[in-house]
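Asks: There's a structure below that I have some questions on.
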Amino acid sequence: MKRNAITVSPEEMTRQQAFSEEVRMMPGRPESYYVVTYGCQMNAHDSEKLAGMLENMGMKAAENREDADFVIFNTCCVRDNAERRALGNITWLKEVRKKNPGLIIAVCGCMIQEPGMAEKILKQYRFVNLAFGTSNLYQFPELLYKTLNSDHATVVVDNEDVIPEGLPILRARKESAYVTIMYGCNNFCSFCIVPYVRGRERSRDLSVILRETEGLMADGVQEIMLLGQNVNSYGKDLSDEVSFSLLLKELDRMGIPRIRFMTSHPKDLSDELIETMAGSRHILPQFHLPVQSGSNPILEKMNRHYTREQYLDRVQKLRNAVPGIGLSTDIIVGFPGETEEDFRQTLDLVREVGYDSAFTFIYSPRVGTRAAILPEQIEEAVSTERIKKLIDLQEKLQQKTLSRFVGTEEEVLAEGFSRRSNKAVSGKGTHGVSVTVPGNTEDIGRIIRCRITGLKNNTLTAERI
């Protein structure tokens, strides 16, 4: 075994459950809660765990944060604007407390894990009652118990690479579920703070993931989304026999209708994984493959460990093996030293690949990363102009790439009513594209067979079969 991570013991998890009971029985404890989530799907799933623990402690979700007795911010620090939004909203709650003096405020997540952030919270945000890092999530019942029994703020930030199992989860949707397969990241891209705030890669045991999925299937879940900072490096810290491809094959055999995953790193996209997708029955034909830049010099500065040519080779192999596969990506513009030629190469790559969707960002310096101290930081006006060009190009190309679905049959997992009509439902098709189809309340949570009839903006329209 190669694992260095610490699996939280069953005894410790039982101890935390005892603290949940203590909070539940405590006179004057908060009756209602509200969880504010920033960032990625990993954070969204962490918020489901927070909600599960809060329900165990006897609290019920409030409809909005103003009416809650306990508000917890689950933060992100990957982008500077996410951090600024979180801090701004936390400050706003200071005013809310004037109307509700008993309001308890907590902050957790990646932002708290940043160097110096815990001290900043203590000094500048003294109205915050509780702050804890990503490694302390499983200790939430104990930390809240201490907070409710103290006149001082509770602040705990550990850096242990832990794997907690058995946390209660209150899923946001009944028909689909997140399944975390690994935590942390070993890549150290020069622009990214994730390895510093989420720790090193640590994979959950394959048998535990399979048991969790069995339980979800028994609960009627139609779709699982496998989560990790770099899912296709799953198992490298376990043994030579365990891999992401093996996990996918085992899940495919179980027969859960739909399997998705994100996020993947191009350098770890193996031929074996591509073959596994091609031969599967339940892994959906879509792939989120962040490229970040189309320029080799910039990719090298980013420490991405692949070239433009290698990336395009992976894309071609995916498309050969899984015809019609839906591709999405992440792209950063304005990285330090990015020239007009570098940016042009990114635009050319976007044209060549033809993504179904792209998440585009202006480079945001993060303290503690190598890119933050690189010379030739790009002026904001230049970055803004470049991202506008990139978005304009992607929107034009997207209309062409999505038009290939018109006239084809599709299966849509209805997530809710369409925002434009209460006589239509919407959800993701098998390729990861949003589809709107006529439907009613009974259809929500079900897979609907339909035929694509048109395209409005980035959403496909369909008729039922």
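Numbering starts fresh at 1 for the residues of each chain in the structure tokens, the chains themselves are lettered A, B, ... in the order given, and ligands are numbered from 1 as they appear.
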Counting only C-alpha atoms, what is within 10 Å of region 407-423 of chain A, bar same-chain residues fewer than 3 positions away, as a ChimeraX atom specification?
Replies: /A:173-176,222-223,258,403-404,426-454,462-465
Asks: Take the residues just selected and output them with C-alpha atoms as a PDB file, in the first residue's frame.
Replies:
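That gives us again.pdb:
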ATOM      1  CA  ARG A 173     -31.525  16.425  -5.213  1.00  0.00           C
ATOM      2  CA  LYS A 174     -32.985  12.943  -4.823  1.00  0.00           C
ATOM      3  CA  GLU A 175     -32.400  11.756  -8.373  1.00  0.00           C
ATOM      4  CA  SER A 176     -28.660  12.471  -8.479  1.00  0.00           C
ATOM      5  CA  GLN A 222     -30.382   7.724 -11.206  1.00  0.00           C
ATOM      6  CA  GLU A 223     -27.065   9.502 -11.662  1.00  0.00           C
ATOM      7  CA  ARG A 258     -25.775   7.409 -15.432  1.00  0.00           C
ATOM      8  CA  SER A 403     -26.621  22.215 -33.541  1.00  0.00           C
ATOM      9  CA  ARG A 404     -25.305  18.693 -34.230  1.00  0.00           C
ATOM     10  CA  SER A 426     -35.195  20.815 -17.917  1.00  0.00           C
ATOM     11  CA  GLY A 427     -32.108  18.795 -17.128  1.00  0.00           C
ATOM     12  CA  LYS A 428     -28.867  17.483 -18.558  1.00  0.00           C
ATOM     13  CA  GLY A 429     -28.767  15.189 -21.567  1.00  0.00           C
ATOM     14  CA  THR A 430     -26.255  12.380 -21.779  1.00  0.00           C
ATOM     15  CA  HIS A 431     -23.669  14.702 -23.368  1.00  0.00           C
ATOM     16  CA  GLY A 432     -23.891  17.223 -20.520  1.00  0.00           C
ATOM     17  CA  VAL A 433     -25.941  19.820 -22.408  1.00  0.00           C
ATOM     18  CA  SER A 434     -29.076  21.353 -20.887  1.00  0.00           C
ATOM     19  CA  VAL A 435     -32.328  20.253 -22.539  1.00  0.00           C
ATOM     20  CA  THR A 436     -35.878  21.596 -22.092  1.00  0.00           C
ATOM     21  CA  VAL A 437     -38.753  19.220 -22.818  1.00  0.00           C
ATOM     22  CA  PRO A 438     -42.526  19.323 -22.139  1.00  0.00           C
ATOM     23  CA  GLY A 439     -43.294  17.834 -18.740  1.00  0.00           C
ATOM     24  CA  ASN A 440     -44.855  18.171 -15.304  1.00  0.00           C
ATOM     25  CA  THR A 441     -44.143  17.544 -11.633  1.00  0.00           C
ATOM     26  CA  GLU A 442     -44.232  13.760 -12.040  1.00  0.00           C
ATOM     27  CA  ASP A 443     -41.351  13.926 -14.526  1.00  0.00           C
ATOM     28  CA  ILE A 444     -38.886  15.583 -12.130  1.00  0.00           C
ATOM     29  CA  GLY A 445     -36.259  13.062 -11.106  1.00  0.00           C
ATOM     30  CA  ARG A 446     -37.018  10.772 -14.037  1.00  0.00           C
ATOM     31  CA  ILE A 447     -35.162  10.064 -17.266  1.00  0.00           C
ATOM     32  CA  ILE A 448     -37.179  11.250 -20.267  1.00  0.00           C
ATOM     33  CA  ARG A 449     -36.656   9.972 -23.790  1.00  0.00           C
ATOM     34  CA  CYS A 450     -36.952  12.833 -26.290  1.00  0.00           C
ATOM     35  CA  ARG A 451     -36.019  14.114 -29.735  1.00  0.00           C
ATOM     36  CA  ILE A 452     -34.043  17.370 -30.046  1.00  0.00           C
ATOM     37  CA  THR A 453     -35.959  19.899 -32.132  1.00  0.00           C
ATOM     38  CA  GLY A 454     -34.054  23.142 -31.732  1.00  0.00           C
ATOM     39  CA  ALA A 462     -36.990  18.802 -27.424  1.00  0.00           C
ATOM     40  CA  GLU A 463     -40.235  16.892 -27.907  1.00  0.00           C
ATOM     41  CA  ARG A 464     -41.115  13.748 -26.015  1.00  0.00           C
ATOM     42  CA  ILE A 465     -40.920  10.354 -27.659  1.00  0.00           C
TER      43      ILE A 465
END
Asks: Skipping near chain neighbours, those fewer than 4 positions away, what residues fall within 6 Å of region 50-53 of chain A using only C-alpha atoms, listed as a VMD selection string?
Replies: chain A and resid 168 to 170
Asks: So that I can check the surroundings of region 378-381 of chain A, please list as number ranges by chain every protein, DNA and RNA residue that reaches within 6 Å of it, counting only C-alpha atoms and ignoring chain neighbours fewer than 3 positions away.
Replies: A: 334, 336, 384
Asks: Take the residues from that selection and write them out as a tab-separated table (two decimals), in the first residue's frame, keeping C-alpha atoms.
Replies:
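The resulting file, again24.tsv, is shown below:
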chain	number	residue	atom	x	y	z
A	334	GLY	CA	-4.04	37.08	-19.02
A	336	PRO	CA	1.74	36.40	-16.62
A	384	THR	CA	-10.57	42.09	-20.09
Asks: Quick one, how far is CA of Asp69 (chain A) from CA of Gln124 (chain A)?
Replies: 22.1 Å
Asks: I'd like the neighbourhood of Glu275 (chain A) as a ChimeraX atom specification, where a residue qualifies if any of its atoms comes within 12 Å (using only C-alpha atoms), though same-chain residues fewer than 4 positions away should be ignored.
Replies: /A:245-246,248-249,269-271,279-280,283,317-322
Asks: Dump C-alpha atoms for the selected residues as a PDB file, in the first residue's frame?
Replies:
ATOM      1  CA  SER A 245     -10.455   2.899 -15.064  1.00  0.00           C
ATOM      2  CA  LEU A 246     -10.949  -0.015 -12.680  1.00  0.00           C
ATOM      3  CA  LEU A 248     -15.345   3.044 -13.563  1.00  0.00           C
ATOM      4  CA  LYS A 249     -15.591  -0.568 -14.751  1.00  0.00           C
ATOM      5  CA  LEU A 269      -5.940  10.850 -19.496  1.00  0.00           C
ATOM      6  CA  SER A 270      -4.732   7.352 -20.421  1.00  0.00           C
ATOM      7  CA  ASP A 271      -5.608   5.168 -23.378  1.00  0.00           C
ATOM      8  CA  GLY A 279     -16.797   0.018 -23.824  1.00  0.00           C
ATOM      9  CA  SER A 280     -19.129   1.101 -21.038  1.00  0.00           C
ATOM     10  CA  ILE A 283     -20.587   6.198 -18.363  1.00  0.00           C
ATOM     11  CA  LYS A 317      -8.531   9.806 -29.334  1.00  0.00           C
ATOM     12  CA  LEU A 318     -11.592  10.585 -27.241  1.00  0.00           C
ATOM     13  CA  ARG A 319     -13.609  11.505 -30.309  1.00  0.00           C
ATOM     14  CA  ASN A 320     -12.456   8.442 -32.235  1.00  0.00           C
ATOM     15  CA  ALA A 321     -13.383   6.133 -29.365  1.00  0.00           C
ATOM     16  CA  VAL A 322     -16.629   7.865 -28.314  1.00  0.00           C
TER      17      VAL A 322
END
Asks: Which is closer to Val128 (chain A) than all the others in A:Ile72, A:Ala172, A:Cys77, A:Val242, using only C-alpha atoms?
Replies: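 Counting only C-alpha atoms, the residue closest to Val128 (chain A) is A:Ile72.
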Asks: Write out as a ChimeraX atom specification which residues come within 12 Å of Gln41 (chain A) when counting only C-alpha atoms, dropping same-chain ones fewer than 5 positions away.
Replies: /A:46-48,74,76,172,177-180,225-229,261-263
Asks: Please produce a file of the residues just selected, as a CSV table (one decimal), in the first residue's frame, where the atoms kept are C-alpha atoms.
Replies:
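Listed below is the output, part19.csv:
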chain,number,residue,atom,x,y,z
A,46,ASP,CA,-19.2,19.5,1.5
A,47,SER,CA,-22.2,21.7,2.0
A,48,GLU,CA,-24.5,18.7,1.7
A,74,ASN,CA,-18.5,27.3,2.9
A,76,CYS,CA,-13.7,29.1,-2.1
A,172,ALA,CA,-29.7,18.7,-2.7
A,177,ALA,CA,-25.8,12.4,-6.0
A,178,TYR,CA,-22.2,13.5,-5.7
A,179,VAL,CA,-19.7,10.8,-4.8
A,180,THR,CA,-16.2,12.0,-3.7
A,225,MET,CA,-21.1,12.5,-10.3
A,226,LEU,CA,-17.7,11.3,-9.2
A,227,LEU,CA,-15.7,14.1,-7.7
A,228,GLY,CA,-12.0,14.9,-7.2
A,229,GLN,CA,-9.6,17.6,-7.9
A,261,PHE,CA,-17.1,12.6,-13.4
A,262,MET,CA,-15.0,15.7,-13.0
A,263,THR,CA,-12.4,17.1,-13.0
Asks: So what do you get for CA of Ile391 (chain A) versus CA of Ser328 (chain A), distance-wise?
Replies: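 Between these atoms lies a distance of 13.7 Å.
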Asks: By how many Å are CA of Asn100 (chain A) and CA of Gly88 (chain A) apart?
Replies: 18.9 Å
Asks: To test your reading of the structure, identify every residue in region 29-145 of chain A that backbone DSSP assigns to helix (DSSP H, G or I), and report it as a ChimeraX atom specification.
Replies: /A:41-56,65-67,80-99,110-113,117-124,134-145
Asks: For the strand (DSSP E or B) assignment from backbone DSSP, which residues of region 195-373 of chain A qualify? Please present them as a ChimeraX atom specification.
Replies: /A:202-203,223-227,258-262,283,286-288,292,326-333,357-362
Asks: Considering only C-alpha atoms, can you say which of A:Gln16, A:Asn296, A:Thr401, A:Thr329 comes closest to Leu167 (chain A)?
Replies: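 Counting only C-alpha atoms, the residue closest to Leu167 (chain A) is A:Gln16.
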Asks: Identify, on the basis of only C-alpha atoms, every residue whose closest approach to region 26-38 of chain A does not exceed 7 Å; exclude the query and any residue fewer than 5 positions from it along the same chain; express the result as a list in words.
Replies: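 So, after excluding close chain neighbours, the residues are Asn43, Ala44, Ser47, Met59, Lys60, Ala61, Ala62, Asn64, Arg65, Ala68, Asp69, Phe70, Val71, Ile72, Phe73, Asn74, Thr75, Cys76 and Ala82 of chain A.
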Asks: Restricting it to N, CA and C atoms, dump the selection as a PDB file, in the first residue's frame.
Replies:
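Written file, again.pdb:
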ATOM      1  N   ASN A  43     -17.096  21.661  -3.097  1.00  0.00           N
ATOM      2  CA  ASN A  43     -17.655  22.505  -2.045  1.00  0.00           C
ATOM      3  C   ASN A  43     -19.152  22.265  -1.887  1.00  0.00           C
ATOM      4  N   ALA A  44     -19.852  22.101  -3.017  1.00  0.00           N
ATOM      5  CA  ALA A  44     -21.287  21.836  -2.951  1.00  0.00           C
ATOM      6  C   ALA A  44     -21.558  20.546  -2.182  1.00  0.00           C
ATOM      7  N   SER A  47     -21.054  21.030   1.451  1.00  0.00           N
ATOM      8  CA  SER A  47     -22.211  21.705   2.039  1.00  0.00           C
ATOM      9  C   SER A  47     -23.340  20.719   2.318  1.00  0.00           C
ATOM     10  N   MET A  59     -31.435  20.806  13.845  1.00  0.00           N
ATOM     11  CA  MET A  59     -31.792  22.067  13.189  1.00  0.00           C
ATOM     12  C   MET A  59     -32.480  21.808  11.850  1.00  0.00           C
ATOM     13  N   LYS A  60     -33.256  22.790  11.397  1.00  0.00           N
ATOM     14  CA  LYS A  60     -33.945  22.712  10.125  1.00  0.00           C
ATOM     15  C   LYS A  60     -33.509  23.875   9.236  1.00  0.00           C
ATOM     16  N   ALA A  61     -33.487  23.623   7.940  1.00  0.00           N
ATOM     17  CA  ALA A  61     -33.036  24.644   6.990  1.00  0.00           C
ATOM     18  C   ALA A  61     -34.008  25.813   6.947  1.00  0.00           C
ATOM     19  N   ALA A  62     -33.463  27.026   6.993  1.00  0.00           N
ATOM     20  CA  ALA A  62     -34.267  28.241   6.819  1.00  0.00           C
ATOM     21  C   ALA A  62     -34.364  28.558   5.333  1.00  0.00           C
ATOM     22  N   ASN A  64     -34.110  31.515   3.951  1.00  0.00           N
ATOM     23  CA  ASN A  64     -33.096  32.492   3.578  1.00  0.00           C
ATOM     24  C   ASN A  64     -32.221  32.779   4.792  1.00  0.00           C
ATOM     25  N   ARG A  65     -31.078  33.379   4.540  1.00  0.00           N
ATOM     26  CA  ARG A  65     -30.102  33.576   5.614  1.00  0.00           C
ATOM     27  C   ARG A  65     -30.567  34.583   6.660  1.00  0.00           C
ATOM     28  N   ALA A  68     -32.394  32.765   9.497  1.00  0.00           N
ATOM     29  CA  ALA A  68     -31.724  31.644  10.151  1.00  0.00           C
ATOM     30  C   ALA A  68     -31.105  32.060  11.484  1.00  0.00           C
ATOM     31  N   ASP A  69     -31.030  31.095  12.408  1.00  0.00           N
ATOM     32  CA  ASP A  69     -30.333  31.313  13.675  1.00  0.00           C
ATOM     33  C   ASP A  69     -28.843  31.015  13.551  1.00  0.00           C
ATOM     34  N   PHE A  70     -28.494  30.230  12.542  1.00  0.00           N
ATOM     35  CA  PHE A  70     -27.098  29.834  12.332  1.00  0.00           C
ATOM     36  C   PHE A  70     -26.807  29.905  10.834  1.00  0.00           C
ATOM     37  N   VAL A  71     -25.809  30.680  10.457  1.00  0.00           N
ATOM     38  CA  VAL A  71     -25.416  30.806   9.041  1.00  0.00           C
ATOM     39  C   VAL A  71     -23.963  30.381   8.909  1.00  0.00           C
ATOM     40  N   ILE A  72     -23.712  29.478   7.974  1.00  0.00           N
ATOM     41  CA  ILE A  72     -22.341  29.029   7.743  1.00  0.00           C
ATOM     42  C   ILE A  72     -21.959  29.264   6.290  1.00  0.00           C
ATOM     43  N   PHE A  73     -20.811  29.883   6.087  1.00  0.00           N
ATOM     44  CA  PHE A  73     -20.281  30.160   4.756  1.00  0.00           C
ATOM     45  C   PHE A  73     -19.230  29.101   4.423  1.00  0.00           C
ATOM     46  N   ASN A  74     -19.499  28.322   3.384  1.00  0.00           N
ATOM     47  CA  ASN A  74     -18.534  27.334   2.891  1.00  0.00           C
ATOM     48  C   ASN A  74     -17.810  27.971   1.709  1.00  0.00           C
ATOM     49  N   THR A  75     -16.582  28.385   1.921  1.00  0.00           N
ATOM     50  CA  THR A  75     -15.917  29.321   1.012  1.00  0.00           C
ATOM     51  C   THR A  75     -14.978  28.660   0.007  1.00  0.00           C
ATOM     52  N   CYS A  76     -14.643  29.448  -1.009  1.00  0.00           N
ATOM     53  CA  CYS A  76     -13.697  29.061  -2.058  1.00  0.00           C
ATOM     54  C   CYS A  76     -12.639  30.150  -2.157  1.00  0.00           C
ATOM     55  N   ALA A  82     -14.278  35.175  -5.840  1.00  0.00           N
ATOM     56  CA  ALA A  82     -15.061  34.323  -4.939  1.00  0.00           C
ATOM     57  C   ALA A  82     -14.736  34.656  -3.487  1.00  0.00           C
TER      58      ALA A  82
END
